[in-house]
$ cat data.cif   # mmCIF, C-alpha atoms and all ligand atoms
data_target
loop_
_atom_site.group_PDB
_atom_site.id
_atom_site.type_symbol
_atom_site.label_atom_id
_atom_site.label_comp_id
_atom_site.auth_asym_id
_atom_site.auth_seq_id
_atom_site.Cartn_x
_atom_site.Cartn_y
_atom_site.Cartn_z
ATOM 1 C CA MET A 14 -41.659 -12.786 -9.940
ATOM 2 C CA ARG A 15 -40.350 -9.361 -11.002
ATOM 3 C CA HIS A 16 -40.996 -8.122 -7.444
ATOM 4 C CA ARG A 17 -38.911 -10.967 -5.960
ATOM 5 C CA ARG A 18 -36.019 -10.147 -8.334
ATOM 6 C CA SER A 19 -36.061 -6.478 -7.283
ATOM 7 C CA VAL A 20 -36.014 -7.448 -3.591
ATOM 8 C CA LEU A 21 -33.070 -9.778 -4.269
ATOM 9 C CA LEU A 22 -31.156 -7.061 -6.166
ATOM 10 C CA LEU A 23 -31.822 -4.592 -3.352
ATOM 11 C CA LEU A 24 -30.497 -7.087 -0.790
ATOM 12 C CA ILE A 25 -27.330 -7.651 -2.856
ATOM 13 C CA ALA A 26 -26.770 -3.868 -3.098
ATOM 14 C CA ILE A 27 -27.148 -3.410 0.686
ATOM 15 C CA VAL A 28 -24.819 -6.308 1.526
ATOM 16 C CA SER A 29 -22.138 -5.222 -0.982
ATOM 17 C CA SER A 30 -22.139 -1.582 0.180
ATOM 18 C CA ALA A 31 -21.737 -2.736 3.814
ATOM 19 C CA TRP A 32 -18.866 -4.964 2.615
ATOM 20 C CA VAL A 33 -17.106 -2.050 0.859
ATOM 21 C CA ARG A 34 -17.507 0.145 3.974
ATOM 22 C CA ALA A 35 -16.040 -2.626 6.162
ATOM 23 C CA GLU A 36 -13.027 -2.893 3.794
ATOM 24 C CA MET A 37 -12.235 0.842 3.963
ATOM 25 C CA PRO A 38 -10.467 1.692 7.244
ATOM 26 C CA ALA A 39 -12.130 4.707 8.853
ATOM 27 C CA PRO A 40 -9.811 7.523 9.963
ATOM 28 C CA PRO A 41 -9.403 7.683 13.737
ATOM 29 C CA LYS A 42 -11.925 9.896 15.540
ATOM 30 C CA SER A 43 -9.283 12.452 16.437
ATOM 31 C CA CYS A 44 -6.153 12.891 14.349
ATOM 32 C CA VAL A 45 -4.020 15.974 14.889
ATOM 33 C CA PHE A 46 -2.657 15.974 11.311
ATOM 34 C CA CYS A 47 -6.220 15.653 9.878
ATOM 35 C CA GLU A 48 -7.089 18.738 11.965
ATOM 36 C CA ILE A 49 -4.111 20.613 10.459
ATOM 37 C CA ALA A 50 -5.074 19.372 6.951
ATOM 38 C CA ALA A 51 -8.606 20.706 7.505
ATOM 39 C CA GLY A 52 -7.196 24.111 8.515
ATOM 40 C CA ARG A 53 -8.641 23.900 12.031
ATOM 41 C CA LEU A 54 -5.255 23.689 13.798
ATOM 42 C CA GLU A 55 -1.925 25.546 13.350
ATOM 43 C CA PRO A 56 -2.763 27.205 9.980
ATOM 44 C CA GLU A 57 0.172 29.592 10.563
ATOM 45 C CA LEU A 58 2.586 26.625 10.427
ATOM 46 C CA VAL A 59 1.527 25.396 6.956
ATOM 47 C CA VAL A 60 4.159 26.105 4.275
ATOM 48 C CA TYR A 61 2.677 24.283 1.262
ATOM 49 C CA ARG A 62 -0.645 22.764 0.214
ATOM 50 C CA ASP A 63 -2.071 21.142 -2.950
ATOM 51 C CA GLU A 64 -4.919 18.697 -3.626
ATOM 52 C CA LEU A 65 -2.895 15.642 -2.477
ATOM 53 C CA VAL A 66 -0.468 16.791 0.224
ATOM 54 C CA LEU A 67 0.429 19.564 2.626
ATOM 55 C CA ALA A 68 3.574 20.514 4.520
ATOM 56 C CA PHE A 69 3.883 22.220 7.907
ATOM 57 C CA MET A 70 6.420 22.881 10.651
ATOM 58 C CA ASP A 71 7.126 20.100 13.153
ATOM 59 C CA ILE A 72 6.066 21.424 16.574
ATOM 60 C CA ALA A 73 9.203 19.978 18.221
ATOM 61 C CA PRO A 74 11.913 20.503 15.577
ATOM 62 C CA GLY A 75 15.107 18.451 15.503
ATOM 63 C CA ASN A 76 16.698 21.568 13.986
ATOM 64 C CA PRO A 77 15.143 24.895 12.936
ATOM 65 C CA GLY A 78 13.173 24.424 9.704
ATOM 66 C CA HIS A 79 12.070 20.836 10.443
ATOM 67 C CA VAL A 80 9.031 20.272 8.160
ATOM 68 C CA LEU A 81 6.546 17.392 7.856
ATOM 69 C CA VAL A 82 4.993 16.474 4.481
ATOM 70 C CA VAL A 83 1.704 14.601 4.913
ATOM 71 C CA PRO A 84 -1.150 13.291 2.742
ATOM 72 C CA ALA A 85 -4.252 15.527 2.788
ATOM 73 C CA VAL A 86 -6.435 12.424 3.222
ATOM 74 C CA HIS A 87 -5.818 10.293 6.305
ATOM 75 C CA ALA A 88 -3.630 7.178 5.999
ATOM 76 C CA ASP A 89 -2.099 5.597 9.099
ATOM 77 C CA ASP A 90 1.404 5.328 7.649
ATOM 78 C CA ILE A 91 3.348 5.578 4.382
ATOM 79 C CA VAL A 92 2.607 1.921 3.568
ATOM 80 C CA ALA A 93 -1.115 2.772 3.356
ATOM 81 C CA VAL A 94 -0.691 5.912 1.216
ATOM 82 C CA PRO A 95 -1.932 5.661 -2.428
ATOM 83 C CA ALA A 96 0.985 5.603 -4.901
ATOM 84 C CA ALA A 97 0.251 8.969 -6.547
ATOM 85 C CA THR A 98 0.137 10.664 -3.138
ATOM 86 C CA ALA A 99 3.332 8.915 -1.952
ATOM 87 C CA GLN A 100 5.095 10.141 -5.106
ATOM 88 C CA ARG A 101 3.833 13.686 -4.527
ATOM 89 C CA MET A 102 5.082 13.553 -0.909
ATOM 90 C CA ILE A 103 8.632 12.860 -2.129
ATOM 91 C CA VAL A 104 8.549 15.523 -4.847
ATOM 92 C CA VAL A 105 7.166 18.118 -2.409
ATOM 93 C CA ALA A 106 9.827 17.139 0.157
ATOM 94 C CA GLN A 107 12.501 17.844 -2.500
ATOM 95 C CA CYS A 108 10.870 21.198 -3.228
ATOM 96 C CA ILE A 109 10.770 22.064 0.508
ATOM 97 C CA ALA A 110 14.469 21.154 0.874
ATOM 98 C CA ARG A 111 15.417 23.355 -2.089
ATOM 99 C CA ALA A 112 13.279 26.142 -0.634
ATOM 100 C CA ILE A 113 14.955 25.828 2.784
ATOM 101 C CA ARG A 114 18.327 26.187 1.067
ATOM 102 C CA ARG A 115 17.090 29.548 -0.265
ATOM 103 C CA THR A 116 16.356 30.815 3.254
ATOM 104 C CA GLU A 117 18.798 32.101 5.852
ATOM 105 C CA LEU A 118 18.671 28.626 7.441
ATOM 106 C CA ARG A 119 21.337 27.662 4.854
ATOM 107 C CA ALA A 120 20.978 23.937 5.498
ATOM 108 C CA GLU A 121 24.060 21.926 4.541
ATOM 109 C CA GLY A 122 22.196 18.625 4.375
ATOM 110 C CA PHE A 123 18.829 17.034 5.153
ATOM 111 C CA ASN A 124 17.455 13.933 6.776
ATOM 112 C CA PHE A 125 14.352 12.648 4.950
ATOM 113 C CA ILE A 126 12.797 10.337 7.526
ATOM 114 C CA LEU A 127 9.792 8.001 7.307
ATOM 115 C CA ASN A 128 8.808 6.083 10.426
ATOM 116 C CA ALA A 129 6.104 3.496 9.711
ATOM 117 C CA GLY A 130 4.545 1.713 12.686
ATOM 118 C CA ARG A 131 5.017 1.949 16.457
ATOM 119 C CA ALA A 132 7.904 -0.540 16.330
ATOM 120 C CA ALA A 133 9.733 1.812 13.947
ATOM 121 C CA GLY A 134 9.301 4.829 16.212
ATOM 122 C CA GLN A 135 6.166 6.353 14.637
ATOM 123 C CA THR A 136 4.282 8.397 17.237
ATOM 124 C CA VAL A 137 1.633 10.184 15.130
ATOM 125 C CA PHE A 138 -0.425 7.712 13.121
ATOM 126 C CA HIS A 139 -1.119 9.884 10.087
ATOM 127 C CA ALA A 140 1.610 9.234 7.491
ATOM 128 C CA HIS A 141 4.335 11.901 7.386
ATOM 129 C CA LEU A 142 7.729 12.457 5.794
ATOM 130 C CA HIS A 143 10.190 14.460 7.915
ATOM 131 C CA VAL A 144 12.474 16.973 6.184
ATOM 132 C CA VAL A 145 15.116 17.908 8.764
ATOM 133 C CA PRO A 146 17.835 20.464 7.953
ATOM 134 C CA ARG A 147 21.311 19.320 9.049
ATOM 135 C CA TYR A 148 24.690 20.985 9.548
ATOM 136 C CA ASP A 149 28.180 19.533 9.726
ATOM 137 C CA GLY A 150 28.773 18.335 13.267
ATOM 138 C CA ASP A 151 25.331 19.309 14.622
ATOM 139 C CA SER A 152 23.473 17.160 17.126
ATOM 140 C CA GLY A 153 20.076 17.762 15.497
ATOM 141 C CA GLY A 154 17.961 15.402 13.463
ATOM 142 C CA HIS A 155 15.126 13.217 14.587
ATOM 143 C CA GLY A 156 15.645 11.291 17.790
ATOM 144 C CA ASP A 157 19.343 12.204 18.137
ATOM 145 C CA LYS A 158 18.624 14.475 21.105
ATOM 146 C CA PRO A 159 15.614 15.314 23.267
ATOM 147 C CA ARG A 160 13.318 17.699 21.386
ATOM 148 C CA ARG A 161 11.251 20.464 22.957
ATOM 149 C CA ARG A 162 7.735 21.460 21.873
ATOM 150 C CA LEU A 163 7.966 25.105 20.750
ATOM 151 C CA PRO A 164 5.173 27.660 20.969
ATOM 152 C CA SER A 165 3.514 28.328 17.638
ATOM 153 C CA ASP A 166 4.571 32.018 17.667
ATOM 154 C CA GLU A 167 8.222 30.911 17.686
ATOM 155 C CA LEU A 168 7.677 28.629 14.663
ATOM 156 C CA ALA A 169 5.353 30.873 12.625
ATOM 157 C CA PRO A 170 8.080 33.334 11.455
ATOM 158 C CA VAL A 171 10.233 30.405 10.245
ATOM 159 C CA ALA A 172 7.133 28.976 8.497
ATOM 160 C CA ALA A 173 6.534 32.334 6.774
ATOM 161 C CA LYS A 174 10.109 32.389 5.418
ATOM 162 C CA ILE A 175 9.908 28.803 4.165
ATOM 163 C CA ARG A 176 6.435 29.452 2.629
ATOM 164 C CA ALA A 177 7.812 32.430 0.690
ATOM 165 C CA ALA A 178 10.846 30.417 -0.455
ATOM 166 C CA VAL A 179 8.557 27.558 -1.557
ATOM 167 C CA GLY A 180 6.612 30.098 -3.641
ATOM 168 C CA ASP A 181 9.873 31.208 -5.320
ATOM 169 C CA GLU A 182 10.907 27.573 -5.797
ATOM 170 C CA LEU A 183 7.550 26.669 -7.408
ATOM 171 C CA ALA A 184 7.897 29.620 -9.794
ATOM 172 C CA VAL A 185 11.193 28.137 -11.011
ATOM 173 C CA ALA A 186 10.245 24.434 -10.832
ATOM 174 C CA PRO A 187 6.509 23.755 -10.427
ATOM 175 C CA VAL A 188 5.619 20.430 -8.777
ATOM 176 C CA ALA A 189 4.483 18.159 -11.656
ATOM 177 C CA ARG A 190 0.767 17.252 -11.576
HETATM 178 P P1 LIG B 201 7.041 10.422 14.279
HETATM 179 O O1 LIG B 201 7.819 10.165 15.545
HETATM 180 O O2 LIG B 201 5.649 9.842 14.329
HETATM 181 O O3 LIG B 201 7.785 10.038 13.036
HETATM 182 O O4 LIG B 201 6.914 11.983 14.191
HETATM 183 C C1 LIG B 201 5.795 12.706 14.599
HETATM 184 C C2 LIG B 201 6.187 14.158 14.589
HETATM 185 O O5 LIG B 201 5.030 14.928 14.745
HETATM 186 C C3 LIG B 201 7.121 14.510 15.760
HETATM 187 O O6 LIG B 201 8.357 14.990 15.239
HETATM 188 C C4 LIG B 201 6.332 15.564 16.538
HETATM 189 O O7 LIG B 201 7.144 16.605 17.046
HETATM 190 C C5 LIG B 201 5.333 16.068 15.510
HETATM 191 N N1 LIG B 201 4.066 16.506 16.114
HETATM 192 C C6 LIG B 201 3.368 15.874 17.104
HETATM 193 N N2 LIG B 201 2.256 16.566 17.409
HETATM 194 C C7 LIG B 201 2.253 17.662 16.593
HETATM 195 C C8 LIG B 201 1.353 18.756 16.456
HETATM 196 O O8 LIG B 201 0.341 18.878 17.128
HETATM 197 N N3 LIG B 201 1.663 19.684 15.510
HETATM 198 C C9 LIG B 201 2.803 19.602 14.740
HETATM 199 N N4 LIG B 201 3.004 20.581 13.858
HETATM 200 N N5 LIG B 201 3.668 18.587 14.851
HETATM 201 C C10 LIG B 201 3.402 17.624 15.767
HETATM 202 ZN ZN ZN B 202 -5.215 11.916 10.030
#

$ encode --input "data.cif" --output "structure tokens"
Amino acid sequence: MRHRRSVLLLLIAIVSSAWVRAEMPAPPKSCVFCEIAAGRLEPELVVYRDELVLAFMDIAPGNPGHVLVVPAVHADDIVAVPAATAQRMIVVAQCIARAIRRTELRAEGFNFILNAGRAAGQTVFHAHLHVVPRYDGDSGGHGDKPRRRLPSDELAPVAAKIRAAVGDELAVAPVAR
């Protein structure tokens, strides 16, 4: 009798763990932003990192200093990002914008852009928040003009300046945990 109960409990455990696994969407097999988050790709372009999010240079900037803030753990788009991480993404984007203002880029404004889903223009399916520096009368931004993929060695010096400015910014106003 006791043996039958143990077998039954074991069966329930197996079925429920398979159920939980089926409910959790697996990250895609290859995701370029997961590779960056893991430090395997473009480490020289990363300007900020904490336990929930990271920020790095967009490879095809709308304007110099175009940064992407992304969750460290894969989520297809902002709708799927856990609330605490979504909040951190916004706060870090503010910090990046303030930091960019400290650099010689001297941004006059910013576009904070979130594209969620193919129909909305999303092309990389790991959630990301664009921070795009803007200037009066420029033709920059995201999607306003054709953008060119830049070599990493052209972007790395800009990344280094923003990273240093983020460090200064965090010393003045640490991102709340
Ligand atoms: P979306 O159109 O999905 O909102 O924006 C995706 C962004 O990711 C684009 O602005 C694109 O330039 C950028 N991107 C695509 N592939 C890479 C990459 O391999 N590295 C970096 N740093 N940015 C990328
Ligand atoms: Zn990913």

$ closest_residue --input "data.cif" --among "A:Gly130, A:Gly180, A:Pro41, A:Pro77" --to "ligand LIG 201 (chain B)" --atoms "all atoms listed in the file"
A:Gly130

$ resolve_selection --input "data.cif" --expression "the PyMOL selection byres (((chain A and resi 143-152) around 7) and not hetatm)" --output "JSON, numbers by chain"
{"A": [75, 76, 78, 79, 80, 81, 82, 106, 120, 121, 122, 123, 124, 125, 126, 127, 141, 142, 153, 154, 157, 158]}

$ resolve_selection --input "data.cif" --expression "the PyMOL selection byres (((not hetatm)) within 12 of (chain B and resi 202))" --output "number ranges by chain"
A: 38-51, 66, 83-90, 94, 137-141

$ residues_near_ligand --input "data.cif" --ligand "ligand LIG 201 (chain B)" --cutoff "6 Å" --atoms "only C-alpha atoms and all ligand atoms" --output "list of chain:residue names"
A:Val45, A:Met70, A:Asp71, A:Ile72, A:Ala73, A:Asn128, A:Gly134, A:Gln135, A:Thr136, A:Val137

$ axis_aligned_box --input "data.cif" --around "region 118-125 of chain A" --padding-each-side "4 Å" --output "AutoDock Vina command-line options"
--center_x 19.2 --center_y 20.6 --center_z 5.9 --size_x 17.7 --size_y 24.0 --size_z 11.1

$ closest_residue --input "data.cif" --among "A:Glu182, A:Glu64, A:Val59, A:Ala129" --to "Val92 (chain A)" --atoms "all atoms listed in the file"
A:Ala129

$ atom_distance --input "data.cif" --atom1 "CA of Leu118 (chain A)" --atom2 "CA of Ala172 (chain A)"
11.6 Å

$ resolve_selection --input "data.cif" --expression "the PyMOL selection byres (((chain A and resi 187) around 12) and not hetatm)" --output "list in words"
Asp63, Arg101, Val104, Val105, Gln107, Cys108, Ile109, Val179, Gly180, Asp181, Glu182, Leu183, Ala184, Val185, Ala186, Val188, Ala189 and Arg190 of chain A
